[in-house]
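All remarks here apply to the structure that follows.
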Amino acid sequence: MVYKADKLLVRTIERKDELKLVKWLSNPEVLAFYEGRDKLYDLHMVREDFYQNEPEVSKCIVIYEDVAIGYIQFYEITERTSNLTGYEEVTYGMDQFIGEPSYWGKGIGTMLVQSMLDYLQQEKQVDVVVLDPHVTNYRAIRCYEKCGFKKIKQLPAHEYHEGEYRDCWLMEYRTRSRRGNS
């Protein structure tokens, strides 16, 4: 277990999760926001993308009220893990999705992001957390802003998604101890 917060449990990914990941990542509703509807995952792709040895990335399953509903990963921003480098402070990135659309719109995403921010501050002494959602992913952007993220700058043609390069927002969350210094 990585952490438990209220009705959420975040734990490290296990081999038994691979079929759940295939289900989520072959659902066009989920892929519209995560990898793209033109990138349907199969078992081989899940094993390649989620089970390769990447010790610098913590890959986790999100469980809500004893039901696996999504995925979250977090990692220190380095040249190896991200193209969002250039920070002097301890900076982490995170990516997440709720793979069960029936759990969308219930505040669970906000609960997940806020609890991960708390975890990263307490356990990793993180100063800054960054995200880079598509500018058109309004639901995610609202969630991140509710949790204290700020839009810093637009990243033109930042991510290849469904056959074209998409603009994204660089969003930052600065921990309480650093907010006054930003």
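Letters for chains follow the order of the structure tokens (A, B, ...), residue numbers begin at 1 for each chain, and ligand numbers begin at 1 in the order shown.
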Inset, instruction - Find the residues around stretch 108-121 of chain A up to 10 Å (only C-alpha atoms counted), leave out those fewer than 6 positions away in its own chain, and share them as a ChimeraX atom specification. - result: /A:2-10,62-64,69-70,72-75,91-92,94-98,127-129,139-140,142-148,173-177
inquiry  = So that I can check the secondary structure, give me every residue of stretch 31-139 of chain A assigned strand (DSSP E) by backbone DSSP, as a VMD selection string.
reply    = chain A and resid 57 to 64 67 to 76 91 to 98 128 to 131
Take the residues from that selection and put them in a file with N, CA, C and O atoms, as a tab-separated table (two decimals), in the first residue's frame.
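Contents of out_13.tsv, freshly written:
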chain	number	residue	atom	x	y	z
A	57	VAL	N	9.61	5.52	-11.70
A	57	VAL	CA	8.19	5.82	-11.82
A	57	VAL	C	7.41	4.90	-10.88
A	57	VAL	O	7.50	3.68	-10.99
A	58	SER	N	6.65	5.48	-9.97
A	58	SER	CA	5.78	4.71	-9.08
A	58	SER	C	4.43	4.56	-9.76
A	58	SER	O	3.72	5.55	-9.95
A	59	LYS	N	4.08	3.33	-10.12
A	59	LYS	CA	2.84	3.04	-10.85
A	59	LYS	C	1.86	2.38	-9.88
A	59	LYS	O	2.19	1.38	-9.25
A	60	CYS	N	0.66	2.95	-9.82
A	60	CYS	CA	-0.27	2.53	-8.77
A	60	CYS	C	-1.69	2.34	-9.30
A	60	CYS	O	-2.12	3.00	-10.25
A	61	ILE	N	-2.42	1.47	-8.62
A	61	ILE	CA	-3.85	1.26	-8.86
A	61	ILE	C	-4.61	2.04	-7.79
A	61	ILE	O	-4.21	2.10	-6.62
A	62	VAL	N	-5.70	2.66	-8.22
A	62	VAL	CA	-6.56	3.43	-7.32
A	62	VAL	C	-7.78	2.58	-7.00
A	62	VAL	O	-8.48	2.10	-7.90
A	63	ILE	N	-8.03	2.42	-5.72
A	63	ILE	CA	-9.18	1.63	-5.26
A	63	ILE	C	-10.09	2.56	-4.46
A	63	ILE	O	-9.63	3.28	-3.57
A	64	TYR	N	-11.36	2.55	-4.82
A	64	TYR	CA	-12.36	3.37	-4.13
A	64	TYR	C	-13.43	2.42	-3.58
A	64	TYR	O	-14.04	1.67	-4.33
A	67	VAL	N	-13.16	-1.12	-4.75
A	67	VAL	CA	-13.28	-1.39	-6.18
A	67	VAL	C	-12.13	-0.69	-6.89
A	67	VAL	O	-11.93	0.52	-6.72
A	68	ALA	N	-11.37	-1.44	-7.70
A	68	ALA	CA	-10.31	-0.84	-8.50
A	68	ALA	C	-10.97	0.00	-9.58
A	68	ALA	O	-11.73	-0.50	-10.40
A	69	ILE	N	-10.67	1.32	-9.56
A	69	ILE	CA	-11.33	2.22	-10.51
A	69	ILE	C	-10.37	3.02	-11.38
A	69	ILE	O	-10.82	3.69	-12.32
A	70	GLY	N	-9.08	2.97	-11.10
A	70	GLY	CA	-8.19	3.80	-11.90
A	70	GLY	C	-6.72	3.57	-11.63
A	70	GLY	O	-6.32	2.65	-10.93
A	71	TYR	N	-5.96	4.47	-12.22
A	71	TYR	CA	-4.51	4.37	-12.23
A	71	TYR	C	-3.91	5.73	-11.94
A	71	TYR	O	-4.44	6.76	-12.37
A	72	ILE	N	-2.78	5.75	-11.21
A	72	ILE	CA	-2.02	6.98	-11.00
A	72	ILE	C	-0.55	6.61	-10.94
A	72	ILE	O	-0.18	5.54	-10.45
A	73	GLN	N	0.26	7.49	-11.52
A	73	GLN	CA	1.70	7.31	-11.41
A	73	GLN	C	2.33	8.64	-11.02
A	73	GLN	O	1.78	9.70	-11.31
A	74	PHE	N	3.46	8.55	-10.32
A	74	PHE	CA	4.17	9.76	-9.92
A	74	PHE	C	5.66	9.48	-10.01
A	74	PHE	O	6.11	8.34	-9.91
A	75	TYR	N	6.43	10.56	-10.22
A	75	TYR	CA	7.85	10.41	-10.50
A	75	TYR	C	8.53	11.75	-10.31
A	75	TYR	O	7.94	12.81	-10.55
A	76	GLU	N	9.78	11.69	-9.87
A	76	GLU	CA	10.56	12.91	-9.79
A	76	GLU	C	10.88	13.36	-11.21
A	76	GLU	O	11.20	12.54	-12.08
A	91	THR	N	10.81	18.48	-7.64
A	91	THR	CA	9.63	18.56	-8.48
A	91	THR	C	9.22	17.18	-8.94
A	91	THR	O	10.06	16.40	-9.41
A	92	TYR	N	7.93	16.89	-8.81
A	92	TYR	CA	7.38	15.62	-9.25
A	92	TYR	C	6.32	15.87	-10.32
A	92	TYR	O	5.67	16.92	-10.32
A	93	GLY	N	6.15	14.89	-11.17
A	93	GLY	CA	5.04	14.87	-12.11
A	93	GLY	C	4.10	13.75	-11.71
A	93	GLY	O	4.49	12.82	-11.00
A	94	MET	N	2.86	13.86	-12.15
A	94	MET	CA	1.91	12.79	-11.92
A	94	MET	C	0.94	12.73	-13.09
A	94	MET	O	0.68	13.72	-13.76
A	95	ASP	N	0.48	11.53	-13.36
A	95	ASP	CA	-0.50	11.25	-14.41
A	95	ASP	C	-1.52	10.30	-13.81
A	95	ASP	O	-1.15	9.39	-13.06
A	96	GLN	N	-2.78	10.48	-14.17
A	96	GLN	CA	-3.81	9.64	-13.58
A	96	GLN	C	-5.03	9.60	-14.47
A	96	GLN	O	-5.23	10.47	-15.31
A	97	PHE	N	-5.81	8.56	-14.27
A	97	PHE	CA	-7.13	8.49	-14.91
A	97	PHE	C	-8.03	7.59	-14.08
A	97	PHE	O	-7.56	6.69	-13.39
A	98	ILE	N	-9.31	7.90	-14.13
A	98	ILE	CA	-10.31	6.99	-13.57
A	98	ILE	C	-10.80	6.17	-14.75
A	98	ILE	O	-11.35	6.72	-15.71
A	128	VAL	N	7.24	21.18	-5.71
A	128	VAL	CA	6.40	21.50	-6.86
A	128	VAL	C	5.90	20.20	-7.47
A	128	VAL	O	6.66	19.23	-7.58
A	129	VAL	N	4.63	20.18	-7.88
A	129	VAL	CA	4.07	19.06	-8.65
A	129	VAL	C	3.57	19.66	-9.96
A	129	VAL	O	2.92	20.71	-9.96
A	130	VAL	N	3.88	18.99	-11.07
A	130	VAL	CA	3.47	19.50	-12.38
A	130	VAL	C	2.59	18.48	-13.10
A	130	VAL	O	2.72	17.27	-12.90
A	131	LEU	N	1.71	19.04	-13.92
A	131	LEU	CA	0.82	18.27	-14.79
A	131	LEU	C	0.81	18.95	-16.15
A	131	LEU	O	1.07	20.14	-16.25
* Close residues, stretch 153-163 of chain A itself excluded, 7 Å, only C-alpha atoms, min 3 positions apart in chain, as a count of residues only -> 9
Closest of A:Asn53, A:Asn27, A:Asn137, A:Thr12 to A:Glu100, counting only C-alpha atoms, is A:Asn27
note - atom CA of A:Val46 and atom CA of A:Val22 are separated by 6.4 Å
